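Structure file coords.pdb (PDB, C-alpha atoms) follows.
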ATOM      1  CA  MET A  28     -78.559  58.342 166.217  1.00  0.00           C
ATOM      2  CA  ILE A  29     -81.465  56.210 167.472  1.00  0.00           C
ATOM      3  CA  LYS A  30     -82.258  55.022 163.926  1.00  0.00           C
ATOM      4  CA  TYR A  31     -78.841  53.368 163.722  1.00  0.00           C
ATOM      5  CA  PHE A  32     -80.015  50.926 166.412  1.00  0.00           C
ATOM      6  CA  THR A  33     -83.570  50.506 165.107  1.00  0.00           C
ATOM      7  CA  PRO A  34     -84.291  47.190 163.303  1.00  0.00           C
ATOM      8  CA  PHE A  35     -85.181  47.465 159.580  1.00  0.00           C
ATOM      9  CA  GLU A  36     -84.362  51.187 159.529  1.00  0.00           C
ATOM     10  CA  LYS A  37     -83.299  52.429 156.084  1.00  0.00           C
ATOM     11  CA  ILE A  38     -80.139  54.512 155.929  1.00  0.00           C
ATOM     12  CA  SER A  39     -78.253  56.153 153.061  1.00  0.00           C
ATOM     13  CA  LYS A  40     -75.100  54.804 151.414  1.00  0.00           C
ATOM     14  CA  LEU A  41     -73.079  57.606 153.028  1.00  0.00           C
ATOM     15  CA  GLN A  42     -74.320  56.588 156.455  1.00  0.00           C
ATOM     16  CA  LYS A  43     -73.480  52.938 155.717  1.00  0.00           C
ATOM     17  CA  THR A  44     -69.967  53.998 154.722  1.00  0.00           C
ATOM     18  CA  ILE A  45     -69.530  56.038 157.903  1.00  0.00           C
ATOM     19  CA  ILE A  46     -70.643  53.069 160.036  1.00  0.00           C
ATOM     20  CA  LEU A  47     -68.211  50.768 158.207  1.00  0.00           C
ATOM     21  CA  ILE A  48     -65.326  53.219 158.700  1.00  0.00           C
ATOM     22  CA  CYS A  49     -66.152  53.519 162.413  1.00  0.00           C
ATOM     23  CA  TRP A  50     -66.052  49.743 162.825  1.00  0.00           C
ATOM     24  CA  LEU A  51     -62.722  49.529 160.962  1.00  0.00           C
ATOM     25  CA  VAL A  52     -61.210  52.276 163.122  1.00  0.00           C
ATOM     26  CA  LEU A  53     -62.439  50.494 166.260  1.00  0.00           C
ATOM     27  CA  LEU A  54     -60.919  47.230 165.030  1.00  0.00           C
ATOM     28  CA  ILE A  55     -57.552  48.912 164.392  1.00  0.00           C
ATOM     29  CA  VAL A  56     -57.614  50.583 167.837  1.00  0.00           C
ATOM     30  CA  ILE A  57     -58.333  47.232 169.503  1.00  0.00           C
ATOM     31  CA  TRP A  58     -55.524  45.643 167.468  1.00  0.00           C
ATOM     32  CA  PHE A  59     -53.008  48.248 168.609  1.00  0.00           C
ATOM     33  CA  ALA A  60     -54.263  48.108 172.212  1.00  0.00           C
ATOM     34  CA  THR A  61     -54.046  44.314 172.492  1.00  0.00           C
ATOM     35  CA  THR A  62     -50.552  44.030 170.971  1.00  0.00           C
ATOM     36  CA  THR A  63     -48.683  46.661 172.983  1.00  0.00           C
ATOM     37  CA  GLY A  64     -47.398  44.338 175.729  1.00  0.00           C
ATOM     38  CA  GLU A  65     -44.579  41.810 175.600  1.00  0.00           C
ATOM     39  CA  LYS A  66     -46.982  38.863 175.436  1.00  0.00           C
ATOM     40  CA  HIS A  67     -49.946  38.977 173.088  1.00  0.00           C
ATOM     41  CA  LEU A  68     -52.096  36.547 171.131  1.00  0.00           C
ATOM     42  CA  PHE A  69     -51.982  38.362 167.765  1.00  0.00           C
ATOM     43  CA  PRO A  70     -48.924  39.823 166.016  1.00  0.00           C
ATOM     44  CA  SER A  71     -48.386  43.570 166.261  1.00  0.00           C
ATOM     45  CA  PRO A  72     -48.920  45.874 163.255  1.00  0.00           C
ATOM     46  CA  ASN A  73     -45.136  46.177 162.892  1.00  0.00           C
ATOM     47  CA  GLN A  74     -44.806  42.399 162.635  1.00  0.00           C
ATOM     48  CA  VAL A  75     -47.517  42.274 159.977  1.00  0.00           C
ATOM     49  CA  ILE A  76     -45.887  45.075 157.959  1.00  0.00           C
ATOM     50  CA  LYS A  77     -42.573  43.215 158.201  1.00  0.00           C
ATOM     51  CA  GLY A  78     -44.427  40.085 157.023  1.00  0.00           C
ATOM     52  CA  PHE A  79     -45.681  41.929 153.923  1.00  0.00           C
ATOM     53  CA  SER A  80     -42.111  43.015 153.147  1.00  0.00           C
ATOM     54  CA  GLU A  81     -40.699  39.500 153.556  1.00  0.00           C
ATOM     55  CA  LEU A  82     -43.437  37.969 151.429  1.00  0.00           C
ATOM     56  CA  TYR A  83     -42.867  40.454 148.621  1.00  0.00           C
ATOM     57  CA  LYS A  84     -39.150  39.646 148.577  1.00  0.00           C
ATOM     58  CA  GLU A  85     -39.966  35.927 148.366  1.00  0.00           C
ATOM     59  CA  GLY A  86     -42.032  36.350 145.202  1.00  0.00           C
ATOM     60  CA  LEU A  87     -45.492  37.096 146.578  1.00  0.00           C
ATOM     61  CA  VAL A  88     -46.743  38.368 143.198  1.00  0.00           C
ATOM     62  CA  VAL A  89     -45.781  35.121 141.461  1.00  0.00           C
ATOM     63  CA  HIS A  90     -47.520  33.046 144.133  1.00  0.00           C
ATOM     64  CA  ILE A  91     -50.675  35.184 143.855  1.00  0.00           C
ATOM     65  CA  PHE A  92     -50.669  34.667 140.089  1.00  0.00           C
ATOM     66  CA  ASN A  93     -50.308  30.883 140.562  1.00  0.00           C
ATOM     67  CA  SER A  94     -53.243  30.834 142.996  1.00  0.00           C
ATOM     68  CA  LEU A  95     -55.443  32.952 140.711  1.00  0.00           C
ATOM     69  CA  LYS A  96     -54.609  30.728 137.743  1.00  0.00           C
ATOM     70  CA  LEU A  97     -55.541  27.619 139.719  1.00  0.00           C
ATOM     71  CA  CYS A  98     -58.758  29.287 140.889  1.00  0.00           C
ATOM     72  CA  PHE A  99     -59.908  30.358 137.419  1.00  0.00           C
ATOM     73  CA  ILE A 100     -59.076  27.041 135.734  1.00  0.00           C
ATOM     74  CA  SER A 101     -60.904  25.104 138.446  1.00  0.00           C
ATOM     75  CA  ILE A 102     -64.024  27.276 138.469  1.00  0.00           C
ATOM     76  CA  PHE A 103     -64.191  27.209 134.651  1.00  0.00           C
ATOM     77  CA  LEU A 104     -64.006  23.398 134.405  1.00  0.00           C
ATOM     78  CA  ALA A 105     -66.391  22.919 137.333  1.00  0.00           C
ATOM     79  CA  THR A 106     -68.876  25.377 135.797  1.00  0.00           C
ATOM     80  CA  VAL A 107     -68.890  23.597 132.427  1.00  0.00           C
ATOM     81  CA  ILE A 108     -69.420  20.175 134.014  1.00  0.00           C
ATOM     82  CA  SER A 109     -72.070  21.493 136.418  1.00  0.00           C
ATOM     83  CA  LEU A 110     -74.023  23.255 133.655  1.00  0.00           C
ATOM     84  CA  VAL A 111     -74.153  20.038 131.623  1.00  0.00           C
ATOM     85  CA  LEU A 112     -75.394  18.110 134.668  1.00  0.00           C
ATOM     86  CA  ALA A 113     -77.918  20.792 135.668  1.00  0.00           C
ATOM     87  CA  TYR A 114     -79.353  21.296 132.177  1.00  0.00           C
ATOM     88  CA  SER A 115     -79.712  17.539 131.744  1.00  0.00           C
ATOM     89  CA  TRP A 116     -81.594  17.289 135.069  1.00  0.00           C
ATOM     90  CA  PRO A 117     -85.063  17.782 133.436  1.00  0.00           C
ATOM     91  CA  ILE A 118     -84.388  14.757 131.189  1.00  0.00           C
ATOM     92  CA  PRO A 119     -85.741  11.693 133.092  1.00  0.00           C
ATOM     93  CA  VAL A 120     -83.013   9.249 132.055  1.00  0.00           C
ATOM     94  CA  LEU A 121     -80.250  11.675 133.166  1.00  0.00           C
ATOM     95  CA  LYS A 122     -81.975  13.119 136.238  1.00  0.00           C
ATOM     96  CA  SER A 123     -80.661  10.416 138.571  1.00  0.00           C
ATOM     97  CA  ILE A 124     -77.070  11.084 137.500  1.00  0.00           C
ATOM     98  CA  SER A 125     -77.325  14.790 138.284  1.00  0.00           C
ATOM     99  CA  GLU A 126     -78.920  14.157 141.671  1.00  0.00           C
ATOM    100  CA  PHE A 127     -76.349  11.465 142.471  1.00  0.00           C
ATOM    101  CA  VAL A 128     -73.498  13.931 141.837  1.00  0.00           C
ATOM    102  CA  THR A 129     -75.006  16.385 144.331  1.00  0.00           C
ATOM    103  CA  LYS A 130     -74.749  13.767 147.094  1.00  0.00           C
ATOM    104  CA  PHE A 131     -70.945  13.770 146.851  1.00  0.00           C
ATOM    105  CA  ARG A 132     -70.854  17.139 148.618  1.00  0.00           C
ATOM    106  CA  PHE A 133     -71.026  15.204 151.890  1.00  0.00           C
ATOM    107  CA  LEU A 134     -67.743  13.411 151.218  1.00  0.00           C
ATOM    108  CA  PRO A 135     -64.749  14.537 153.340  1.00  0.00           C
ATOM    109  CA  PHE A 136     -62.249  16.683 151.494  1.00  0.00           C
ATOM    110  CA  THR A 137     -59.210  14.718 152.731  1.00  0.00           C
ATOM    111  CA  GLY A 138     -60.576  11.382 151.526  1.00  0.00           C
ATOM    112  CA  LEU A 139     -61.291  12.863 148.097  1.00  0.00           C
ATOM    113  CA  SER A 140     -57.746  14.146 147.702  1.00  0.00           C
ATOM    114  CA  PHE A 141     -56.300  10.765 148.743  1.00  0.00           C
ATOM    115  CA  TYR A 142     -57.899   8.904 145.830  1.00  0.00           C
ATOM    116  CA  ILE A 143     -57.056  11.627 143.316  1.00  0.00           C
ATOM    117  CA  THR A 144     -53.371  11.482 144.266  1.00  0.00           C
ATOM    118  CA  MET A 145     -53.425   7.759 143.472  1.00  0.00           C
ATOM    119  CA  VAL A 146     -54.540   8.480 139.890  1.00  0.00           C
ATOM    120  CA  ILE A 147     -52.863  11.815 139.094  1.00  0.00           C
ATOM    121  CA  HIS A 148     -49.224  12.493 139.919  1.00  0.00           C
ATOM    122  CA  GLU A 149     -48.582  15.952 138.433  1.00  0.00           C
ATOM    123  CA  ALA A 150     -48.954  18.545 141.211  1.00  0.00           C
ATOM    124  CA  ARG A 151     -50.857  21.289 139.358  1.00  0.00           C
ATOM    125  CA  THR A 152     -53.226  18.846 137.618  1.00  0.00           C
ATOM    126  CA  MET A 153     -53.857  17.184 140.956  1.00  0.00           C
ATOM    127  CA  GLN A 154     -54.798  20.517 142.567  1.00  0.00           C
ATOM    128  CA  VAL A 155     -57.092  21.420 139.688  1.00  0.00           C
ATOM    129  CA  TRP A 156     -59.097  18.187 139.773  1.00  0.00           C
ATOM    130  CA  ILE A 157     -59.403  18.133 143.539  1.00  0.00           C
ATOM    131  CA  LEU A 158     -61.050  21.544 143.330  1.00  0.00           C
ATOM    132  CA  VAL A 159     -63.094  20.681 140.222  1.00  0.00           C
ATOM    133  CA  ILE A 160     -64.636  17.562 141.775  1.00  0.00           C
ATOM    134  CA  PHE A 161     -65.259  19.363 145.051  1.00  0.00           C
ATOM    135  CA  LEU A 162     -66.836  22.389 143.368  1.00  0.00           C
ATOM    136  CA  THR A 163     -68.914  20.460 140.840  1.00  0.00           C
ATOM    137  CA  THR A 164     -70.990  18.910 143.621  1.00  0.00           C
ATOM    138  CA  PHE A 165     -71.885  22.297 145.111  1.00  0.00           C
ATOM    139  CA  LEU A 166     -72.366  24.077 141.782  1.00  0.00           C
ATOM    140  CA  THR A 167     -74.656  21.342 140.479  1.00  0.00           C
ATOM    141  CA  THR A 168     -76.707  21.460 143.680  1.00  0.00           C
ATOM    142  CA  SER A 169     -77.115  25.238 143.430  1.00  0.00           C
ATOM    143  CA  LEU A 170     -77.972  25.179 139.719  1.00  0.00           C
ATOM    144  CA  ILE A 171     -80.598  22.472 140.155  1.00  0.00           C
ATOM    145  CA  ALA A 172     -82.120  24.551 142.962  1.00  0.00           C
ATOM    146  CA  VAL A 173     -82.312  27.508 140.540  1.00  0.00           C
ATOM    147  CA  ILE A 174     -84.183  25.342 138.023  1.00  0.00           C
ATOM    148  CA  LYS A 175     -86.568  24.052 140.680  1.00  0.00           C
ATOM    149  CA  ASP A 176     -87.398  27.632 141.703  1.00  0.00           C
ATOM    150  CA  ILE A 177     -88.555  28.642 138.212  1.00  0.00           C
ATOM    151  CA  PRO A 178     -92.290  29.481 138.463  1.00  0.00           C
ATOM    152  CA  GLN A 179     -94.627  27.156 136.587  1.00  0.00           C
ATOM    153  CA  GLU A 180     -96.118  30.222 134.864  1.00  0.00           C
ATOM    154  CA  GLU A 181     -92.938  30.650 132.813  1.00  0.00           C
ATOM    155  CA  PHE A 182     -93.187  27.109 131.481  1.00  0.00           C
ATOM    156  CA  ASP A 183     -96.895  27.572 130.756  1.00  0.00           C
ATOM    157  CA  HIS A 184     -96.156  30.829 128.926  1.00  0.00           C
ATOM    158  CA  ALA A 185     -93.573  29.110 126.720  1.00  0.00           C
ATOM    159  CA  LYS A 186     -96.027  26.297 125.936  1.00  0.00           C
ATOM    160  CA  MET A 187     -98.703  28.831 124.987  1.00  0.00           C
ATOM    161  CA  LEU A 188     -96.235  30.268 122.462  1.00  0.00           C
ATOM    162  CA  LYS A 189     -96.099  26.793 120.851  1.00  0.00           C
ATOM    163  CA  CYS A 190     -92.520  26.130 121.966  1.00  0.00           C
ATOM    164  CA  THR A 191     -91.263  22.567 121.727  1.00  0.00           C
ATOM    165  CA  ARG A 192     -89.834  20.793 124.791  1.00  0.00           C
ATOM    166  CA  LEU A 193     -86.280  21.576 123.695  1.00  0.00           C
ATOM    167  CA  GLU A 194     -87.204  25.227 123.062  1.00  0.00           C
ATOM    168  CA  VAL A 195     -88.692  25.438 126.562  1.00  0.00           C
ATOM    169  CA  LEU A 196     -85.455  24.039 127.969  1.00  0.00           C
ATOM    170  CA  TRP A 197     -83.401  26.543 125.984  1.00  0.00           C
ATOM    171  CA  GLN A 198     -85.553  29.650 126.442  1.00  0.00           C
ATOM    172  CA  VAL A 199     -86.788  29.230 130.021  1.00  0.00           C
ATOM    173  CA  ILE A 200     -84.001  27.334 131.761  1.00  0.00           C
ATOM    174  CA  VAL A 201     -80.823  28.141 129.809  1.00  0.00           C
ATOM    175  CA  LEU A 202     -81.328  31.693 128.500  1.00  0.00           C
ATOM    176  CA  GLY A 203     -83.901  32.706 131.098  1.00  0.00           C
ATOM    177  CA  ARG A 204     -81.629  31.999 134.055  1.00  0.00           C
ATOM    178  CA  LEU A 205     -78.192  33.116 132.863  1.00  0.00           C
ATOM    179  CA  ASP A 206     -78.098  35.916 135.440  1.00  0.00           C
ATOM    180  CA  TYR A 207     -78.846  33.398 138.201  1.00  0.00           C
ATOM    181  CA  VAL A 208     -76.079  31.152 136.893  1.00  0.00           C
ATOM    182  CA  MET A 209     -73.565  33.989 137.151  1.00  0.00           C
ATOM    183  CA  ASP A 210     -74.696  34.716 140.694  1.00  0.00           C
ATOM    184  CA  VAL A 211     -74.278  31.042 141.622  1.00  0.00           C
ATOM    185  CA  ILE A 212     -70.779  31.093 140.129  1.00  0.00           C
ATOM    186  CA  ARG A 213     -69.999  34.216 142.184  1.00  0.00           C
ATOM    187  CA  GLN A 214     -71.094  32.494 145.382  1.00  0.00           C
ATOM    188  CA  ASN A 215     -69.140  29.334 144.635  1.00  0.00           C
ATOM    189  CA  LEU A 216     -66.075  31.328 143.661  1.00  0.00           C
ATOM    190  CA  ALA A 217     -65.852  32.314 147.321  1.00  0.00           C
ATOM    191  CA  ILE A 218     -65.813  28.606 148.229  1.00  0.00           C
ATOM    192  CA  THR A 219     -63.115  28.023 145.603  1.00  0.00           C
ATOM    193  CA  TRP A 220     -60.927  30.810 146.930  1.00  0.00           C
ATOM    194  CA  MET A 221     -61.394  29.602 150.502  1.00  0.00           C
ATOM    195  CA  MET A 222     -60.489  25.983 149.675  1.00  0.00           C
ATOM    196  CA  LEU A 223     -57.630  27.031 147.419  1.00  0.00           C
ATOM    197  CA  VAL A 224     -55.247  27.535 150.326  1.00  0.00           C
ATOM    198  CA  THR A 225     -56.100  24.110 151.738  1.00  0.00           C
ATOM    199  CA  VAL A 226     -55.476  22.405 148.400  1.00  0.00           C
ATOM    200  CA  GLU A 227     -52.181  24.235 147.891  1.00  0.00           C
ATOM    201  CA  SER A 228     -51.160  23.238 151.423  1.00  0.00           C
ATOM    202  CA  ILE A 229     -51.787  19.574 150.614  1.00  0.00           C
ATOM    203  CA  VAL A 230     -49.793  19.695 147.365  1.00  0.00           C
ATOM    204  CA  VAL A 231     -47.105  22.366 147.792  1.00  0.00           C
ATOM    205  CA  ALA A 232     -45.035  21.572 144.710  1.00  0.00           C
ATOM    206  CA  SER A 233     -46.764  24.204 142.547  1.00  0.00           C
ATOM    207  CA  GLY A 234     -46.441  27.097 144.992  1.00  0.00           C
ATOM    208  CA  GLY A 235     -49.232  29.565 145.654  1.00  0.00           C
ATOM    209  CA  LEU A 236     -50.595  31.345 148.708  1.00  0.00           C
ATOM    210  CA  GLY A 237     -51.241  28.019 150.444  1.00  0.00           C
ATOM    211  CA  PHE A 238     -47.548  27.187 150.064  1.00  0.00           C
ATOM    212  CA  LEU A 239     -46.603  30.497 151.709  1.00  0.00           C
ATOM    213  CA  ILE A 240     -49.017  29.955 154.600  1.00  0.00           C
ATOM    214  CA  LYS A 241     -47.738  26.424 155.194  1.00  0.00           C
ATOM    215  CA  ASN A 242     -44.149  27.657 155.323  1.00  0.00           C
ATOM    216  CA  SER A 243     -45.057  30.561 157.627  1.00  0.00           C
ATOM    217  CA  ASP A 244     -46.959  28.207 159.927  1.00  0.00           C
ATOM    218  CA  LYS A 245     -44.014  25.810 160.018  1.00  0.00           C
ATOM    219  CA  PHE A 246     -41.739  28.536 161.396  1.00  0.00           C
ATOM    220  CA  MET A 247     -44.477  30.087 163.604  1.00  0.00           C
ATOM    221  CA  ASN A 248     -44.176  33.426 161.800  1.00  0.00           C
ATOM    222  CA  THR A 249     -47.504  34.903 162.878  1.00  0.00           C
ATOM    223  CA  GLY A 250     -46.810  38.268 161.242  1.00  0.00           C
ATOM    224  CA  ARG A 251     -46.563  36.642 157.820  1.00  0.00           C
ATOM    225  CA  ILE A 252     -49.644  34.508 158.468  1.00  0.00           C
ATOM    226  CA  ILE A 253     -51.802  37.540 159.288  1.00  0.00           C
ATOM    227  CA  ALA A 254     -50.353  39.406 156.292  1.00  0.00           C
ATOM    228  CA  LEU A 255     -51.287  36.492 154.023  1.00  0.00           C
ATOM    229  CA  GLN A 256     -54.784  36.331 155.528  1.00  0.00           C
ATOM    230  CA  ILE A 257     -55.261  40.029 154.726  1.00  0.00           C
ATOM    231  CA  ILE A 258     -54.046  39.477 151.154  1.00  0.00           C
ATOM    232  CA  ILE A 259     -56.347  36.475 150.658  1.00  0.00           C
ATOM    233  CA  LEU A 260     -59.319  38.398 152.057  1.00  0.00           C
ATOM    234  CA  LEU A 261     -58.712  41.454 149.851  1.00  0.00           C
ATOM    235  CA  ILE A 262     -58.278  39.364 146.690  1.00  0.00           C
ATOM    236  CA  GLY A 263     -61.414  37.369 147.508  1.00  0.00           C
ATOM    237  CA  LEU A 264     -63.460  40.526 148.053  1.00  0.00           C
ATOM    238  CA  SER A 265     -62.105  41.986 144.806  1.00  0.00           C
ATOM    239  CA  LEU A 266     -63.066  38.870 142.836  1.00  0.00           C
ATOM    240  CA  ASP A 267     -66.555  38.883 144.337  1.00  0.00           C
ATOM    241  CA  ALA A 268     -67.064  42.583 143.607  1.00  0.00           C
ATOM    242  CA  GLY A 269     -65.744  42.164 140.064  1.00  0.00           C
ATOM    243  CA  ILE A 270     -68.123  39.324 139.175  1.00  0.00           C
ATOM    244  CA  ASN A 271     -71.039  41.122 140.821  1.00  0.00           C
ATOM    245  CA  PHE A 272     -70.281  44.256 138.788  1.00  0.00           C
ATOM    246  CA  LEU A 273     -69.985  42.183 135.612  1.00  0.00           C
ATOM    247  CA  ARG A 274     -73.331  40.490 136.282  1.00  0.00           C
ATOM    248  CA  LYS A 275     -75.082  43.805 136.814  1.00  0.00           C
ATOM    249  CA  ALA A 276     -73.462  45.266 133.694  1.00  0.00           C
ATOM    250  CA  ILE A 277     -74.456  42.346 131.457  1.00  0.00           C
ATOM    251  CA  PHE A 278     -77.867  41.631 132.976  1.00  0.00           C
ATOM    252  CA  ARG A 279     -79.228  45.058 133.739  1.00  0.00           C
ATOM    253  CA  TYR A 280     -82.737  43.665 134.168  1.00  0.00           C
ATOM    254  CA  SER A 281     -81.647  41.362 136.983  1.00  0.00           C
ATOM    255  CA  LYS A 282     -82.978  42.180 140.447  1.00  0.00           C
ATOM    256  CA  ILE A 283     -81.030  39.565 142.356  1.00  0.00           C
TER     257      ILE A 283
END
Transcribe the structure of this file into structure tokens.
Amino acid sequence: MIKYFTPFEKISKLQKTIILICWLVLLIVIWFATTTGEKHLFPSPNQVIKGFSELYKEGLVVHIFNSLKLCFISIFLATVISLVLAYSWPIPVLKSISEFVTKFRFLPFTGLSFYITMVIHEARTMQVWILVIFLTTFLTTSLIAVIKDIPQEEFDHAKMLKCTRLEVLWQVIVLGRLDYVMDVIRQNLAITWMMLVTVESIVVASGGLGFLIKNSDKFMNTGRIIALQIIILLIGLSLDAGINFLRKAIFRYSKI
């Protein structure tokens, strides 16, 4: 028992699972205990279950599909643009452009959406490009950091093999860091999924989980809000686990 409270102590996967289950049980007990009275801050389990039922009847599955579609389209476009910017970073004449794009990550999200709505008027396209522009800045920053962290020995090794400059770019940076790229995409997918609800709340015409949360918030239906938060969390964790499994399956040599 003492080793569970000892810093840097190694424990088995079974023990980790037991600890996780204990914390979940404790959380559920606290939830039930704090929602038994007439007045409480969080909705009761019954209210949340009722919220799940109401959401399903209102087409929850369709809204989830719309959100997932928006997420995948946005992350795909942002990844393509970011890879072009990151792989062109070693080229002196294009380096400034890539670094300039990374500075846009400090721009406020609301201001960005305001200017996009002035140019694009179709709701779904508007949502996609708000996310794409927002994500491209963070993806490009992360990918350039991956390139900067490549040891000089790898470049020297490629030069010793008589590789040309373009071959070094292809072999060391592009092919040599594909597993890192997938891990960066996995990390930024979490940002995408988190911001998805905000974007769908700004432009509600295309539906989605953000649309459901905005409606639930409007009518102060806390049971539905918590139910939606649980759904969003579970889908996000599933997406993260799926990409992580895919990365490990494709790049078995990766130790990330």
Expand the PyMOL selection byres ((chain A and resi 72) around 10) into the individual residues it matches in the shown file, reporting them as a PDB file with C-alpha atoms, keeping the file's coordinate frame.
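And here's result.pdb as it stands now:
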ATOM      1  CA  ILE A  55     -57.552  48.912 164.392  1.00  0.00           C
ATOM      2  CA  TRP A  58     -55.524  45.643 167.468  1.00  0.00           C
ATOM      3  CA  PHE A  59     -53.008  48.248 168.609  1.00  0.00           C
ATOM      4  CA  THR A  62     -50.552  44.030 170.971  1.00  0.00           C
ATOM      5  CA  THR A  63     -48.683  46.661 172.983  1.00  0.00           C
ATOM      6  CA  PHE A  69     -51.982  38.362 167.765  1.00  0.00           C
ATOM      7  CA  PRO A  70     -48.924  39.823 166.016  1.00  0.00           C
ATOM      8  CA  SER A  71     -48.386  43.570 166.261  1.00  0.00           C
ATOM      9  CA  ASN A  73     -45.136  46.177 162.892  1.00  0.00           C
ATOM     10  CA  GLN A  74     -44.806  42.399 162.635  1.00  0.00           C
ATOM     11  CA  VAL A  75     -47.517  42.274 159.977  1.00  0.00           C
ATOM     12  CA  ILE A  76     -45.887  45.075 157.959  1.00  0.00           C
ATOM     13  CA  LYS A  77     -42.573  43.215 158.201  1.00  0.00           C
ATOM     14  CA  GLY A  78     -44.427  40.085 157.023  1.00  0.00           C
ATOM     15  CA  GLY A 250     -46.810  38.268 161.242  1.00  0.00           C
ATOM     16  CA  ILE A 253     -51.802  37.540 159.288  1.00  0.00           C
ATOM     17  CA  ALA A 254     -50.353  39.406 156.292  1.00  0.00           C
TER      18      ALA A 254
END
So which residues get picked by the PyMOL selection byres ((chain A and resi 90-103) around 8) here, written as a ChimeraX atom specification?
/A:86-89,104-107,151,154-156,158-159,162,212,216,219-220,223,233-236
Using the chain letters and numbers from the file, which residues does the PyMOL selection byres ((chain A and resi 265-282) around 8) grab, as a PyMOL selection string?
chain A and resi 206+209-210+213-214+216-217+261-264+283
Using C-alpha atoms, can you export the residues from the last selection as a short mmCIF file (atom, residue, chain, number, x, y, z; two decimals), in the coordinates of the input?
data_model
loop_
_atom_site.label_atom_id
_atom_site.label_comp_id
_atom_site.auth_asym_id
_atom_site.auth_seq_id
_atom_site.Cartn_x
_atom_site.Cartn_y
_atom_site.Cartn_z
CA ASP A 206 -78.10 35.92 135.44
CA MET A 209 -73.56 33.99 137.15
CA ASP A 210 -74.70 34.72 140.69
CA ARG A 213 -70.00 34.22 142.18
CA GLN A 214 -71.09 32.49 145.38
CA LEU A 216 -66.08 31.33 143.66
CA ALA A 217 -65.85 32.31 147.32
CA LEU A 261 -58.71 41.45 149.85
CA ILE A 262 -58.28 39.36 146.69
CA GLY A 263 -61.41 37.37 147.51
CA LEU A 264 -63.46 40.53 148.05
CA ILE A 283 -81.03 39.56 142.36
#
Taking every listed atom of region 77-96 of chain A and adding 3 Å to each side, what centre and edge lengths in Å (one decimal) does the axis-aligned box have, as AutoDock Vina command-line options?
--center_x -47.3 --center_y 37.0 --center_z 148.0 --size_x 22.3 --size_y 18.5 --size_z 26.5
What does the distance between CA of Thr249 (chain A) and CA of Tyr83 (chain A) come to in Å, to one decimal place?
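Here the two named atoms are 16.0 Å from each other.
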Have a look at CA of Phe32 (chain A) and CA of Thr44 (chain A) and let me know their distance in Å, one decimal.
15.7 Å
Enter the distance from CA of Val128 (chain A) to CA of Thr191 (chain A), in Å, rounded to one decimal.
28.2 Å
Fewer than 6 positions away in the same chain doesn't count, so skip those; otherwise give me all residues within 7 Å of Met153 (chain A), counting all atoms listed in the file, as a tab-separated table (two decimals) with C-alpha atoms, keeping the file's coordinate frame.
chain	number	residue	atom	x	y	z
A	143	ILE	CA	-57.06	11.63	143.32
A	144	THR	CA	-53.37	11.48	144.27
A	147	ILE	CA	-52.86	11.82	139.09
Using all atoms listed in the file, which of the listed residues (A:Val211, A:Lys189, A:Ile45, A:Val195) sits closest to Ala172 (chain A)?
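Using all atoms listed in the file, the shortest distance to Ala172 (chain A) belongs to A:Val211.
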Of the residues A:Thr61, A:Thr33, A:Ile177, A:Leu41, which is the one nearest to Val201 (chain A), using only C-alpha atoms?
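Ranked by minimum distance to Val201 (chain A), first place goes to A:Ile177.
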Residues within 12 Å of Leu193 (chain A), please, as a PyMOL selection string. Count all atoms listed in the file; anything in the same chain fewer than 5 positions from it doesn't count.
chain A and resi 114-115+117-118+182+185-186+198-201
Written selection (C-alpha atoms) as an mmCIF file, keeping the file's coordinate frame:
data_model
loop_
_atom_site.group_PDB
_atom_site.id
_atom_site.type_symbol
_atom_site.label_atom_id
_atom_site.label_comp_id
_atom_site.auth_asym_id
_atom_site.auth_seq_id
_atom_site.Cartn_x
_atom_site.Cartn_y
_atom_site.Cartn_z
ATOM 1 C CA TYR A 114 -79.353 21.296 132.177
ATOM 2 C CA SER A 115 -79.712 17.539 131.744
ATOM 3 C CA PRO A 117 -85.063 17.782 133.436
ATOM 4 C CA ILE A 118 -84.388 14.757 131.189
ATOM 5 C CA PHE A 182 -93.187 27.109 131.481
ATOM 6 C CA ALA A 185 -93.573 29.110 126.720
ATOM 7 C CA LYS A 186 -96.027 26.297 125.936
ATOM 8 C CA GLN A 198 -85.553 29.650 126.442
ATOM 9 C CA VAL A 199 -86.788 29.230 130.021
ATOM 10 C CA ILE A 200 -84.001 27.334 131.761
ATOM 11 C CA VAL A 201 -80.823 28.141 129.809
#
Could you pull the residues within 9 Å of Phe165 (chain A), counting only C-alpha atoms, minus those fewer than 5 positions along the same chain, as a count of residues only?
6
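Considering all atoms listed in the file, the residue among A:Gln42, A:Gln179, A:Thr168, A:Asn242 positioned nearest to Phe133 (chain A) is A:Thr168.
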With all atoms listed in the file as the basis for distance, which of A:Ile171, A:Ile257, A:Lys40, A:Glu149 is at the shortest distance from Val208 (chain A)?
A:Ile171
Residue with smallest distance to Arg204 (chain A) - pool A:Arg192, A:Lys175, A:Lys30, A:Lys241, counting only C-alpha atoms
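Going through A:Arg192, A:Lys175, A:Lys30, A:Lys241 one by one, the smallest distance to Arg204 (chain A) is for A:Lys175.
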